[in-house]
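Pasting run-v5.txt here (compact mmCIF, C-alpha atoms and all ligand atoms):
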```txt
# COMPACT_ATOMS: atom_id res chain seq x y z
CA MET G 210 -3.53 6.61 12.16
CA SER G 211 -4.86 5.20 8.93
CA ALA G 212 -6.74 1.91 8.81
CA LEU G 213 -5.01 1.13 5.51
CA LEU G 214 -1.86 -0.91 5.10
CA PRO G 215 1.08 1.43 4.70
CA THR G 216 2.09 -0.22 1.41
CA TYR G 217 1.87 2.92 -0.75
CA ALA G 218 3.73 6.22 -0.81
CA ARG G 219 0.67 8.37 -1.52
CA SER G 220 0.59 12.07 -2.27
CA GLU G 221 -1.65 14.27 -0.13
CA LEU G 222 -3.85 14.99 -3.15
CA SER G 223 -7.38 13.70 -3.33
CA PHE G 224 -9.64 14.07 -6.34
CA ALA G 225 -13.39 14.48 -6.45
CA ARG G 226 -14.03 14.12 -10.16
CA GLY G 227 -12.42 13.84 -13.55
CA GLU G 228 -13.17 14.93 -17.08
CA GLY G 229 -11.13 13.87 -20.08
CA ALA G 230 -7.46 14.59 -19.37
CA TYR G 231 -8.20 16.58 -16.20
CA LEU G 232 -8.76 15.77 -12.54
CA PHE G 233 -10.35 18.15 -10.04
CA THR G 234 -9.66 18.23 -6.31
CA VAL G 235 -12.40 18.65 -3.75
CA ALA G 236 -11.46 22.34 -3.67
CA GLY G 237 -11.94 22.51 -7.46
CA GLU G 238 -8.27 22.78 -8.41
CA ARG G 239 -7.62 21.39 -11.90
CA TYR G 240 -4.73 18.99 -12.62
CA LEU G 241 -3.54 17.85 -16.03
CA ASP G 242 -3.57 14.07 -15.75
CA PHE G 243 -0.55 12.61 -17.55
CA ALA G 244 -0.58 9.61 -15.22
CA SER G 245 -3.98 8.11 -16.13
CA GLY G 246 -3.95 6.13 -12.91
CA VAL G 247 -0.82 4.37 -14.23
CA ALA G 248 -1.90 3.90 -17.86
CA VAL G 249 -5.38 2.73 -16.89
CA THR G 250 -7.85 5.50 -17.80
CA ALA G 251 -7.02 5.14 -21.49
CA LEU G 252 -10.07 7.10 -22.62
CA GLY G 253 -9.68 9.77 -19.94
CA HIS G 254 -12.14 10.37 -17.14
CA ALA G 255 -15.92 10.11 -17.47
CA HIS G 256 -15.86 9.22 -21.18
CA PRO G 257 -19.57 9.43 -22.19
CA HIS G 258 -19.50 6.12 -24.10
CA LEU G 259 -18.05 4.27 -21.10
CA VAL G 260 -20.38 5.95 -18.62
CA LYS G 261 -23.35 4.96 -20.77
CA ALA G 262 -22.18 1.34 -21.15
CA LEU G 263 -21.51 1.01 -17.41
CA THR G 264 -24.77 2.57 -16.23
CA GLU G 265 -26.92 0.68 -18.72
CA GLN G 266 -25.33 -2.63 -17.77
CA ALA G 267 -25.54 -1.75 -14.06
CA LYS G 268 -29.31 -1.61 -14.35
CA LYS G 269 -29.46 -5.03 -16.01
CA LEU G 270 -26.95 -7.49 -14.56
CA TRP G 271 -23.61 -7.28 -12.75
CA HIS G 272 -22.44 -10.76 -11.99
CA VAL G 273 -23.46 -14.36 -12.59
CA SER G 274 -20.08 -16.22 -12.28
CA ASN G 275 -18.52 -18.39 -14.92
CA LEU G 276 -20.94 -21.19 -14.09
CA HIS G 277 -22.98 -19.76 -16.97
CA ARG G 278 -22.45 -18.43 -20.46
CA ILE G 279 -21.79 -14.72 -20.51
CA PRO G 280 -22.64 -13.24 -23.93
CA GLU G 281 -20.76 -9.97 -23.28
CA GLN G 282 -17.65 -12.01 -22.40
CA GLU G 283 -17.95 -14.15 -25.55
CA ARG G 284 -18.33 -10.99 -27.60
CA LEU G 285 -15.29 -9.23 -26.10
CA GLY G 286 -13.27 -12.43 -26.46
CA GLU G 287 -14.19 -12.75 -30.14
CA ARG G 288 -13.42 -9.10 -30.80
CA LEU G 289 -10.01 -9.27 -29.08
CA CYS G 290 -9.14 -12.41 -31.03
CA GLY G 291 -10.39 -10.82 -34.24
CA ALA G 292 -8.09 -7.85 -33.69
CA THR G 293 -4.99 -9.85 -32.65
CA PHE G 294 -2.95 -13.02 -33.17
CA ALA G 295 -5.03 -14.82 -30.53
CA ASP G 296 -7.61 -17.58 -30.79
CA ARG G 297 -8.52 -17.85 -27.10
CA VAL G 298 -8.92 -15.45 -24.18
CA PHE G 299 -9.18 -15.84 -20.42
CA PHE G 300 -10.57 -12.87 -18.48
CA ALA G 301 -9.11 -11.93 -15.11
CA ASN G 302 -9.34 -8.87 -12.86
CA SER G 303 -5.85 -7.41 -12.96
CA GLY G 304 -2.52 -7.38 -14.72
CA ALA G 305 -0.85 -9.76 -12.29
CA GLU G 306 -3.67 -12.26 -12.73
CA ALA G 307 -3.37 -12.02 -16.50
CA VAL G 308 0.38 -12.69 -16.26
CA GLU G 309 -0.27 -15.52 -13.79
CA CYS G 310 -2.56 -17.12 -16.37
CA ALA G 311 0.15 -16.67 -19.02
CA ILE G 312 2.71 -18.45 -16.82
CA LYS G 313 0.30 -21.30 -16.09
CA ALA G 314 -0.67 -21.64 -19.76
CA ALA G 315 3.00 -21.88 -20.83
CA ARG G 316 3.66 -24.65 -18.31
CA ARG G 317 0.46 -26.44 -19.17
CA TYR G 318 1.19 -26.34 -22.92
CA HIS G 319 4.40 -28.33 -22.47
CA PHE G 320 2.75 -30.64 -19.93
CA LYS G 321 0.02 -31.49 -22.45
CA ASN G 322 2.63 -31.94 -25.18
CA GLY G 323 4.55 -34.58 -23.28
CA ALA G 324 7.27 -32.36 -21.80
CA PRO G 325 6.15 -31.65 -18.20
CA GLU G 326 9.79 -30.95 -17.29
CA ARG G 327 9.58 -27.75 -19.35
CA TYR G 328 8.20 -25.34 -16.75
CA ARG G 329 10.80 -22.54 -16.56
CA LEU G 330 10.55 -19.09 -18.12
CA ILE G 331 13.39 -16.84 -19.13
CA THR G 332 12.84 -13.31 -17.80
CA PHE G 333 14.77 -10.04 -17.88
CA GLU G 334 16.52 -7.71 -15.48
CA GLY G 335 14.36 -4.62 -14.83
CA ALA G 336 11.10 -6.40 -15.64
CA PHE G 337 7.84 -5.90 -13.78
CA HIS G 338 5.05 -8.45 -13.98
CA GLY G 339 2.94 -7.82 -10.86
CA ARG G 340 2.81 -8.45 -7.12
CA THR G 341 1.53 -12.01 -6.68
CA LEU G 342 4.00 -14.62 -5.47
CA ALA G 343 4.61 -15.97 -8.99
CA THR G 344 4.82 -12.55 -10.64
CA ILE G 345 7.29 -11.14 -8.10
CA ALA G 346 9.44 -14.17 -8.79
CA ALA G 347 9.07 -13.53 -12.52
CA SER G 348 10.07 -9.87 -12.05
CA GLY G 349 12.97 -10.98 -9.87
CA GLN G 350 13.39 -7.63 -8.11
CA ALA G 351 14.95 -8.03 -4.69
CA LYS G 352 12.89 -5.21 -3.15
CA HIS G 353 9.63 -6.96 -4.11
CA LEU G 354 10.78 -10.42 -2.96
CA GLU G 355 12.22 -9.42 0.42
CA GLY G 356 10.52 -11.03 3.39
CA PHE G 357 8.12 -13.19 1.43
CA GLY G 358 9.87 -16.51 1.75
CA PRO G 359 11.43 -18.60 -1.00
CA PRO G 360 10.61 -17.13 -4.42
CA VAL G 361 8.35 -19.27 -6.60
CA ASP G 362 10.62 -21.53 -8.62
CA GLY G 363 10.73 -21.47 -12.39
CA PHE G 364 12.25 -18.19 -13.55
CA ASP G 365 15.69 -17.67 -15.03
CA LYS G 366 16.67 -14.02 -15.24
CA VAL G 367 18.88 -12.79 -18.05
CA GLU G 368 20.79 -9.63 -17.13
CA ALA G 369 20.82 -7.83 -20.47
CA LEU G 370 18.76 -7.56 -23.64
CA ASP G 371 21.31 -9.76 -25.33
CA ILE G 372 20.12 -12.52 -27.64
CA GLU G 373 23.19 -14.67 -27.04
CA ALA G 374 22.64 -14.52 -23.30
CA VAL G 375 19.03 -15.60 -23.87
CA GLU G 376 20.10 -18.53 -26.03
CA ALA G 377 22.66 -19.57 -23.42
CA ALA G 378 19.90 -19.56 -20.77
CA ILE G 379 17.67 -21.97 -22.70
CA GLY G 380 17.81 -25.48 -21.26
CA ASP G 381 15.85 -28.72 -21.16
CA ALA G 382 13.47 -27.23 -18.58
CA THR G 383 12.75 -24.01 -20.48
CA ALA G 384 9.08 -23.48 -21.36
CA GLY G 385 9.36 -20.01 -22.84
CA ILE G 386 10.54 -16.42 -22.73
CA LEU G 387 8.56 -13.68 -20.94
CA ILE G 388 9.15 -10.00 -21.73
CA GLU G 389 7.45 -6.56 -21.85
CA PRO G 390 7.83 -4.81 -25.25
CA ILE G 391 8.64 -1.63 -23.29
CA MET G 392 9.63 -2.05 -19.65
CA GLY G 393 7.22 0.41 -18.04
CA GLU G 394 7.87 0.20 -14.28
CA GLY G 395 11.51 -0.54 -15.03
CA GLY G 396 11.97 2.95 -16.53
CA MET G 397 10.29 2.96 -19.97
CA ARG G 398 13.20 0.95 -21.26
CA GLU G 399 12.65 0.16 -24.89
CA VAL G 400 13.20 -3.35 -26.12
CA SER G 401 14.22 -3.01 -29.76
CA TRP G 402 11.83 -4.43 -32.34
CA ARG G 403 14.81 -6.35 -33.68
CA PHE G 404 15.32 -7.99 -30.28
CA LEU G 405 11.67 -9.07 -30.20
CA GLN G 406 12.05 -10.54 -33.70
CA ASP G 407 15.16 -12.41 -32.57
CA LEU G 408 13.31 -13.75 -29.51
CA ARG G 409 10.53 -14.99 -31.79
CA SER G 410 13.02 -16.83 -34.00
CA LEU G 411 14.86 -18.25 -31.01
CA ALA G 412 11.63 -19.52 -29.46
CA ASP G 413 10.66 -21.21 -32.72
CA GLU G 414 14.08 -22.82 -33.14
CA HIS G 415 13.94 -24.28 -29.64
CA GLY G 416 10.26 -25.24 -29.58
CA ILE G 417 9.54 -22.91 -26.69
CA LEU G 418 6.91 -20.18 -26.29
CA LEU G 419 7.11 -16.40 -26.51
CA LEU G 420 5.05 -14.71 -23.79
CA LEU G 421 4.49 -10.97 -23.90
CA ASP G 422 3.44 -8.87 -20.93
CA GLU G 423 1.46 -6.11 -22.61
CA VAL G 424 -0.33 -5.11 -19.43
CA GLN G 425 0.95 -1.55 -19.79
CA THR G 426 1.90 -1.35 -23.50
CA GLY G 427 -1.38 -2.80 -24.76
CA MET G 428 -4.74 -1.40 -25.81
CA GLY G 429 -3.37 1.32 -28.04
CA ARG G 430 -0.87 2.88 -25.62
CA THR G 431 2.01 2.84 -28.12
CA GLY G 432 -0.03 3.78 -31.20
CA ARG G 433 -0.79 0.21 -32.24
CA LEU G 434 -3.42 -1.95 -30.54
CA PHE G 435 -0.54 -3.99 -29.08
CA ALA G 436 3.10 -2.93 -29.07
CA HIS G 437 4.44 -6.15 -30.62
CA GLU G 438 2.69 -5.19 -33.86
CA TRP G 439 5.48 -2.62 -34.39
CA ALA G 440 7.96 -5.50 -34.49
CA GLY G 441 5.86 -7.45 -36.98
CA ILE G 442 5.82 -10.53 -34.77
CA THR G 443 3.19 -12.37 -32.76
CA PRO G 444 3.54 -14.02 -29.34
CA ASP G 445 2.08 -17.37 -28.34
CA ILE G 446 0.65 -15.94 -25.13
CA MET G 447 -0.01 -12.33 -24.13
CA ALA G 448 -1.20 -10.72 -20.91
CA THR G 449 -2.97 -7.37 -20.99
CA ALA G 450 -4.90 -5.29 -18.47
CA LYS G 451 -4.48 -1.61 -17.46
CA GLY G 452 -6.16 0.24 -20.38
CA LEU G 453 -8.44 -2.69 -21.19
CA GLY G 454 -11.19 -1.59 -18.82
CA GLY G 455 -10.53 2.15 -18.99
CA GLY G 456 -10.59 2.23 -15.18
CA PHE G 457 -12.80 -0.76 -14.54
CA PRO G 458 -10.56 -3.50 -13.06
CA MET G 459 -9.97 -6.21 -15.62
CA GLY G 460 -7.24 -8.20 -17.26
CA ALA G 461 -7.03 -10.70 -20.07
CA CYS G 462 -4.70 -13.44 -21.17
CA LEU G 463 -4.73 -14.10 -24.91
CA MET G 464 -3.22 -17.13 -26.58
CA THR G 465 -3.08 -19.22 -29.73
CA GLU G 466 -5.28 -22.26 -30.17
CA SER G 467 -2.41 -24.70 -29.64
CA VAL G 468 -1.75 -23.22 -26.18
CA GLY G 469 -5.43 -22.66 -25.42
CA VAL G 470 -6.41 -26.33 -25.90
CA ALA G 471 -4.09 -27.27 -23.02
CA MET G 472 -6.19 -25.19 -20.60
CA THR G 473 -8.92 -27.83 -20.26
CA PRO G 474 -12.07 -27.47 -18.11
CA GLY G 475 -11.17 -27.01 -14.45
CA SER G 476 -7.51 -26.16 -15.09
CA HIS G 477 -7.93 -22.46 -14.27
CA GLY G 478 -10.63 -20.11 -13.07
CA SER G 479 -11.75 -16.83 -11.56
CA THR G 480 -14.93 -15.98 -9.68
CA PHE G 481 -15.12 -12.39 -10.87
CA GLY G 482 -13.19 -12.59 -14.14
CA GLY G 483 -15.19 -11.55 -17.18
CA ASN G 484 -18.40 -10.64 -15.36
CA PRO G 485 -21.12 -8.84 -17.33
CA LEU G 486 -20.41 -5.42 -15.81
CA ALA G 487 -16.67 -5.60 -16.60
CA MET G 488 -17.33 -6.96 -20.07
CA ALA G 489 -19.82 -4.21 -20.93
CA VAL G 490 -17.12 -1.65 -20.13
CA GLY G 491 -14.41 -3.63 -21.93
CA ASN G 492 -16.53 -3.80 -25.07
CA ALA G 493 -17.18 -0.06 -24.84
CA VAL G 494 -13.44 0.67 -24.53
CA LEU G 495 -12.80 -1.47 -27.57
CA ASP G 496 -15.54 0.33 -29.55
CA VAL G 497 -13.55 3.54 -29.19
CA VAL G 498 -10.02 2.16 -29.55
CA LEU G 499 -10.95 0.27 -32.75
CA GLU G 500 -12.67 3.31 -34.29
CA GLU G 501 -11.11 4.34 -37.59
CA GLY G 502 -8.27 6.78 -36.95
CA PHE G 503 -8.08 6.33 -33.16
CA LEU G 504 -4.69 4.59 -33.11
CA ASP G 505 -3.35 7.08 -35.68
CA HIS G 506 -4.40 9.83 -33.28
CA VAL G 507 -2.44 8.14 -30.49
CA ALA G 508 0.64 7.85 -32.71
CA GLN G 509 0.35 11.51 -33.79
CA MET G 510 -0.11 12.82 -30.26
CA GLY G 511 2.78 10.62 -29.17
CA LEU G 512 5.03 12.15 -31.82
CA ARG G 513 3.96 15.67 -30.90
CA LEU G 514 4.70 15.02 -27.23
CA LYS G 515 8.00 13.30 -27.95
CA GLN G 516 9.15 16.20 -30.14
CA ARG G 517 8.19 18.61 -27.39
CA LEU G 518 10.13 16.52 -24.87
CA ALA G 519 13.19 16.40 -27.13
CA ALA G 520 13.11 20.21 -27.37
CA LEU G 521 12.82 20.44 -23.58
CA GLN G 522 15.77 18.10 -23.21
CA ASP G 523 17.82 20.38 -25.48
CA GLU G 524 16.86 23.37 -23.38
CA HIS G 525 17.09 21.76 -19.95
CA GLY G 526 19.80 19.16 -20.43
CA ASP G 527 20.76 19.62 -16.78
CA VAL G 528 17.31 18.30 -15.75
CA ILE G 529 16.38 15.86 -18.53
CA GLU G 530 18.98 13.31 -19.51
CA GLU G 531 17.02 11.26 -22.02
CA VAL G 532 13.60 10.90 -23.64
CA ARG G 533 12.29 7.35 -23.99
CA GLY G 534 9.29 5.40 -25.17
CA GLN G 535 6.79 5.06 -27.94
CA GLY G 536 3.36 6.55 -28.62
CA LEU G 537 1.81 7.88 -25.43
CA MET G 538 4.05 5.77 -23.22
CA LEU G 539 6.94 8.15 -22.74
CA GLY G 540 9.59 8.59 -20.10
CA LEU G 541 12.06 11.24 -19.00
CA LYS G 542 15.27 9.95 -17.52
CA CYS G 543 16.30 12.62 -15.02
CA LYS G 544 19.67 14.06 -14.13
CA GLY G 545 18.63 14.77 -10.54
CA PRO G 546 16.28 12.54 -8.50
CA ASN G 547 13.14 11.74 -10.55
CA LEU G 548 10.97 12.44 -7.52
CA GLU G 549 12.08 16.09 -7.63
CA LEU G 550 10.86 16.52 -11.20
CA LEU G 551 7.65 14.67 -10.39
CA GLU G 552 7.03 17.00 -7.44
CA ALA G 553 7.92 20.11 -9.45
CA LEU G 554 5.37 18.97 -12.06
CA ARG G 555 2.80 18.40 -9.36
CA ALA G 556 3.39 21.95 -8.17
CA GLU G 557 2.54 23.00 -11.76
CA LYS G 558 -0.64 20.91 -11.42
CA MET G 559 0.45 18.15 -13.74
CA LEU G 560 0.40 14.49 -12.71
CA THR G 561 3.00 11.95 -13.84
CA VAL G 562 4.26 8.58 -12.55
CA GLN G 563 7.63 7.57 -11.13
CA ALA G 564 9.46 4.63 -12.70
CA GLY G 565 12.68 2.72 -12.13
CA ASP G 566 16.04 3.84 -13.51
CA ASN G 567 15.36 7.43 -12.32
CA VAL G 568 12.58 7.99 -14.86
CA VAL G 569 9.38 10.05 -14.78
CA ARG G 570 6.64 8.44 -16.87
CA LEU G 571 4.24 10.43 -19.01
CA LEU G 572 1.07 8.42 -19.59
CA PRO G 573 -1.63 10.77 -20.83
CA PRO G 574 -5.04 9.39 -21.72
CA LEU G 575 -5.13 8.25 -25.36
CA ILE G 576 -7.87 10.82 -26.11
CA VAL G 577 -5.47 13.66 -25.29
CA GLY G 578 -5.53 16.58 -27.77
CA GLU G 579 -2.98 19.02 -29.12
CA ALA G 580 -3.97 21.71 -26.63
CA GLU G 581 -3.26 19.39 -23.70
CA ILE G 582 0.06 18.23 -25.16
CA ASP G 583 1.05 21.89 -25.54
CA LEU G 584 -0.10 22.67 -22.00
CA ALA G 585 1.98 19.73 -20.75
CA GLY G 586 4.98 21.21 -22.60
CA GLU G 587 4.47 24.53 -20.80
CA LYS G 588 4.14 22.86 -17.42
CA LEU G 589 7.23 20.73 -18.04
CA ASP G 590 9.18 23.83 -19.04
CA ALA G 591 8.02 25.66 -15.90
CA ALA G 592 8.93 22.68 -13.71
CA CYS G 593 12.43 22.48 -15.22
CA VAL G 594 12.93 26.22 -14.69
CA ALA G 595 11.74 25.91 -11.08
CA LEU G 596 14.13 23.01 -10.45
CA LYS G 597 17.05 24.96 -11.92
CA SER G 598 16.37 28.13 -9.96
CA ARG G 599 16.08 26.03 -6.82
CA ALA G 600 19.45 24.44 -7.63
CA LEU G 601 20.94 27.90 -8.14
CA ALA G 602 19.56 29.14 -4.81
CA HIS G 603 21.24 26.18 -3.11
CA ALA G 604 24.54 26.75 -4.89
C1 LIG F 701 1.01 -2.88 -13.97
C2 LIG F 701 1.67 -4.05 -14.56
C3 LIG F 701 1.45 -5.35 -14.09
C4 LIG F 701 0.59 -5.64 -12.89
O1 LIG F 701 -0.73 -5.23 -13.05
P1 LIG F 701 -1.70 -5.18 -11.76
O2 LIG F 701 -3.03 -4.82 -12.36
O3 LIG F 701 -1.15 -4.13 -10.86
O4 LIG F 701 -1.69 -6.51 -11.14
C5 LIG F 701 2.05 -6.39 -14.74
N1 LIG F 701 2.86 -6.18 -15.79
C6 LIG F 701 3.10 -4.95 -16.28
C7 LIG F 701 3.98 -4.78 -17.47
C8 LIG F 701 2.52 -3.83 -15.68
O5 LIG F 701 2.80 -2.61 -16.12
```
Rewrite the structure from the file as structure tokens, please.
Ligand SMILES: *Cc1c(COP(=O)(O)O)cnc(C)c1O
Amino acid sequence: MSALLPTYARSELSFARGEGAYLFTVAGERYLDFASGVAVTALGHAHPHLVKALTEQAKKLWHVSNLHRIPEQERLGERLCGATFADRVFFANSGAEAVECAIKAARRYHFKNGAPERYRLITFEGAFHGRTLATIAASGQAKHLEGFGPPVDGFDKVEALDIEAVEAAIGDATAGILIEPIMGEGGMREVSWRFLQDLRSLADEHGILLLLDEVQTGMGRTGRLFAHEWAGITPDIMATAKGLGGGFPMGACLMTESVGVAMTPGSHGSTFGGNPLAMAVGNAVLDVVLEEGFLDHVAQMGLRLKQRLAALQDEHGDVIEEVRGQGLMLGLKCKGPNLELLEALRAEKMLTVQAGDNVVRLLPPLIVGEAEIDLAGEKLDAACVALKSRALAHA
């Protein structure tokens, strides 16, 4: 019996080391990693620049707490603000914590502006915002709420990506609208750029805030630093995490000055958030992601992979129903159970991630090259063939 909580459905695989887009088992078997630990290892495994930043910082200083100034944190904060809409950043340790900060900041903004009754957020069917009590309430998925008592109050779920439904849901208690630019866990469901633009206008008309959960879509994953840039809009508050630390646990909540001023001293905090070790790695990730041409590379590799997937869909329409996503955040909606395709890919030594709506997610590291995209195409083809011949054998 394991000492661990049985909260995860783990595979039997166990890896000893990683290099770039590959993982190696203890026995030395090589897997193509198109999961990236769920969009986390954005620069692949053992990236020399990250290893250097981590080991050099590890010899100097790990943690001092936010009782003191942390130069590495100030620097990463300034750089993130410089590269985005934001004026202020709060550093946390995970995606859920970053979203939690976003929720608190939205409530606090209205409180400080004389409207404490505005505390509710409009959220969407199929969303995923994390596993804390507030973020499971924000996601509103029955399977995540079951058995955990009354859901945290303050979330109004809209069933469809329909702007009229959103407007109808806005009331005197509404503080803002919370959405992911692409619903990752929910099945790589794309939110149209037009819809995001309409949400921005709606928020402005009603004096409420637009909150984006870019925990998965952020840090270059879609071919822009943040996915909302494609829509040509900016949020008031944005949570990000996953790729931010390239595998080192960290999250960040970014916001405009007018929201940030409401988060006065003592109103929020984190013991670990933004510690020197995390910040050294975060700065190193940003060094690479902001390098000239890096995001273009992501967009190009994304296109190459998406074209390959479209061709595979043409050829194996009985396995692949639809190709979804943007940049290197792509999904295959399956005809049969998505777990079967995921397992067939694993048998071809390629790792992917399950998502809702019967989707298999492809989340390669952003440093992936043409050779690896082509290899993924071959493995996907082989997996589809294997699934079909298995289906024939059963027929
Ligand atoms: C993964 C994810 C989260 C939660 O992040 P954790 O680090 O697991 O807490 C929140 N929102 C989105 C969109 C995510 O993809």
Residues of segment 440-502 of chain G that approach segment 385-400 of chain G to 12 Å or less, counting only C-alpha atoms: could you list each one with the shortest pair of atoms and its distance in Å to one decimal, rows by chain and increasing residue number, as a Markdown table?
```
| residue | atom | partner | partner_atom | distance |
| --- | --- | --- | --- | --- |
| G:Ala440 | CA | G:Pro390 | CA | 9.3 |
| G:Ile442 | CA | G:Pro390 | CA | 11.3 |
| G:Thr443 | CA | G:Pro390 | CA | 11.6 |
| G:Pro444 | CA | G:Leu387 | CA | 9.8 |
| G:Asp445 | CA | G:Gly385 | CA | 9.5 |
| G:Ile446 | CA | G:Leu387 | CA | 9.2 |
| G:Met447 | CA | G:Leu387 | CA | 9.2 |
| G:Ala448 | CA | G:Glu389 | CA | 9.6 |
| G:Thr449 | CA | G:Glu389 | CA | 10.5 |
| G:Lys451 | CA | G:Gly393 | CA | 11.9 |
```
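Residues with any atom within 6 Å of the point (6.9, -23.4, -18.1), counting all atoms listed in the file, are Ala315, Arg316, Arg327, Tyr328, Arg329, Leu330 and Ala384 of chain G.
Comparing the minimum interatomic distances between ligand LIG 701 (chain F) and each of G:Ile576, G:Ala324, G:Met538, G:Leu252, counting all atoms listed in the file, we find that G:Met538 sits nearest.
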**Report entry** Residues within 12 Å of (-8.1, 9.5, -12.0), counting all atoms listed in the file, listed as JSON, numbers by chain
**Finding:** {"G": [222, 223, 224, 225, 226, 227, 228, 229, 230, 231, 232, 233, 234, 239, 240, 241, 242, 243, 244, 245, 246, 247, 248, 249, 250, 251, 252, 253, 254, 255, 455, 456, 457, 560, 561, 572, 573, 574]}
**Report entry** Given all atoms listed in the file as the counted atoms, nearest of G:Gln282, G:Met472, G:Lys261, G:Glu334 to Phe320 of chain G
**Finding:** G:Met472
Requested in this report: Tell me which of G:Trp439, G:Trp271, G:Phe337, G:Tyr217 sits closest to ligand LIG 701 (chain F), counting only C-alpha atoms and all ligand atoms.
Outcome: G:Phe337
Report summary line: Judged by all atoms listed in the file, the minimum distance to Leu354 of chain G among G:Leu601, G:Leu276, G:Ala236, G:Leu342 is found for G:Leu342
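Reported to one decimal place, the separation of atom CA of Phe503 of chain G from atom CA of Arg555 of chain G is 28.8 Å.
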Just want the 8 Å neighbourhood of segment 481-488 of chain G, counted on all atoms listed in the file, with same-chain residues fewer than 4 positions away dropped. Output as an mmCIF file with C-alpha atoms, keeping the file's coordinate frame.
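After the write, part15.cif holds the following:
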```cif
data_model
loop_
_atom_site.group_PDB
_atom_site.id
_atom_site.type_symbol
_atom_site.label_atom_id
_atom_site.label_comp_id
_atom_site.auth_asym_id
_atom_site.auth_seq_id
_atom_site.Cartn_x
_atom_site.Cartn_y
_atom_site.Cartn_z
ATOM 1 C CA LEU G 263 -21.510 1.010 -17.410
ATOM 2 C CA GLN G 266 -25.330 -2.630 -17.770
ATOM 3 C CA ALA G 267 -25.540 -1.750 -14.060
ATOM 4 C CA LEU G 270 -26.950 -7.490 -14.560
ATOM 5 C CA TRP G 271 -23.610 -7.280 -12.750
ATOM 6 C CA HIS G 272 -22.440 -10.760 -11.990
ATOM 7 C CA VAL G 273 -23.460 -14.360 -12.590
ATOM 8 C CA SER G 274 -20.080 -16.220 -12.280
ATOM 9 C CA ASN G 275 -18.520 -18.390 -14.920
ATOM 10 C CA ILE G 279 -21.790 -14.720 -20.510
ATOM 11 C CA GLU G 281 -20.760 -9.970 -23.280
ATOM 12 C CA GLN G 282 -17.650 -12.010 -22.400
ATOM 13 C CA LEU G 285 -15.290 -9.230 -26.100
ATOM 14 C CA PHE G 300 -10.570 -12.870 -18.480
ATOM 15 C CA ALA G 301 -9.110 -11.930 -15.110
ATOM 16 C CA ASN G 302 -9.340 -8.870 -12.860
ATOM 17 C CA GLY G 454 -11.190 -1.590 -18.820
ATOM 18 C CA PHE G 457 -12.800 -0.760 -14.540
ATOM 19 C CA PRO G 458 -10.560 -3.500 -13.060
ATOM 20 C CA MET G 459 -9.970 -6.210 -15.620
ATOM 21 C CA ASN G 492 -16.530 -3.800 -25.070
#
```
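Residues with any atom within 10 Å of Thr473 of chain G, counting only C-alpha atoms and excluding same-chain neighbours fewer than 3 positions away, are Arg317, Lys321, Gly469, Val470, Ser476 and His477 of chain G.
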Find the residues of chain G that sit at most 6 Å from ligand LIG 701 (chain F); for each, write down the nearest two atoms and how far apart they are in Å, to one decimal. Count all atoms listed in the file. Sort by chain, then by number going up, and give it as JSON lines.
```
{"residue": "G:Ser303", "atom": "CA", "partner": "F:LIG701", "partner_atom": "O2", "distance": 3.9}
{"residue": "G:Gly304", "atom": "CA", "partner": "F:LIG701", "partner_atom": "O1", "distance": 3.3}
{"residue": "G:Ala305", "atom": "CA", "partner": "F:LIG701", "partner_atom": "O4", "distance": 3.5}
{"residue": "G:Phe337", "atom": "CA", "partner": "F:LIG701", "partner_atom": "N1", "distance": 5.4}
{"residue": "G:His338", "atom": "CA", "partner": "F:LIG701", "partner_atom": "N1", "distance": 3.6}
{"residue": "G:Gly339", "atom": "CA", "partner": "F:LIG701", "partner_atom": "C4", "distance": 3.8}
{"residue": "G:Glu389", "atom": "CA", "partner": "F:LIG701", "partner_atom": "C7", "distance": 5.9}
{"residue": "G:Gly393", "atom": "CA", "partner": "F:LIG701", "partner_atom": "O5", "distance": 5.7}
{"residue": "G:Asp422", "atom": "CA", "partner": "F:LIG701", "partner_atom": "C7", "distance": 5.4}
{"residue": "G:Glu423", "atom": "CA", "partner": "F:LIG701", "partner_atom": "C7", "distance": 5.9}
{"residue": "G:Val424", "atom": "CA", "partner": "F:LIG701", "partner_atom": "C6", "distance": 4.7}
{"residue": "G:Gln425", "atom": "CA", "partner": "F:LIG701", "partner_atom": "O5", "distance": 4.2}
```
Deliver the residues from the most recent selection as a file, using C-alpha atoms, as a JSON list (two decimals), in the frame of the given file.
```
[["chain", "number", "residue", "atom", "x", "y", "z"],
["G", 303, "SER", "CA", -5.85, -7.41, -12.96],
["G", 304, "GLY", "CA", -2.52, -7.38, -14.72],
["G", 305, "ALA", "CA", -0.85, -9.76, -12.29],
["G", 337, "PHE", "CA", 7.84, -5.90, -13.78],
["G", 338, "HIS", "CA", 5.05, -8.45, -13.98],
["G", 339, "GLY", "CA", 2.94, -7.82, -10.86],
["G", 389, "GLU", "CA", 7.45, -6.56, -21.85],
["G", 393, "GLY", "CA", 7.22, 0.41, -18.04],
["G", 422, "ASP", "CA", 3.44, -8.87, -20.93],
["G", 423, "GLU", "CA", 1.46, -6.11, -22.61],
["G", 424, "VAL", "CA", -0.33, -5.11, -19.43],
["G", 425, "GLN", "CA", 0.95, -1.55, -19.79]]
```
Query raised in the report: Which residues, written as a VMD selection string, have at least one atom at most 10 Å from Gly545 of chain G, with only C-alpha atoms counted and residues fewer than 5 positions away on the same chain left out?
Result: chain G and resid 527 to 530 550 567 596
I need the chosen residues saved as a short mmCIF file (atom, residue, chain, number, x, y, z; two decimals), in the coordinates of the input, with C-alpha atoms.
```
data_model
loop_
_atom_site.label_atom_id
_atom_site.label_comp_id
_atom_site.auth_asym_id
_atom_site.auth_seq_id
_atom_site.Cartn_x
_atom_site.Cartn_y
_atom_site.Cartn_z
CA ASP G 527 20.76 19.62 -16.78
CA VAL G 528 17.31 18.30 -15.75
CA ILE G 529 16.38 15.86 -18.53
CA GLU G 530 18.98 13.31 -19.51
CA LEU G 550 10.86 16.52 -11.20
CA ASN G 567 15.36 7.43 -12.32
CA LEU G 596 14.13 23.01 -10.45
#
```
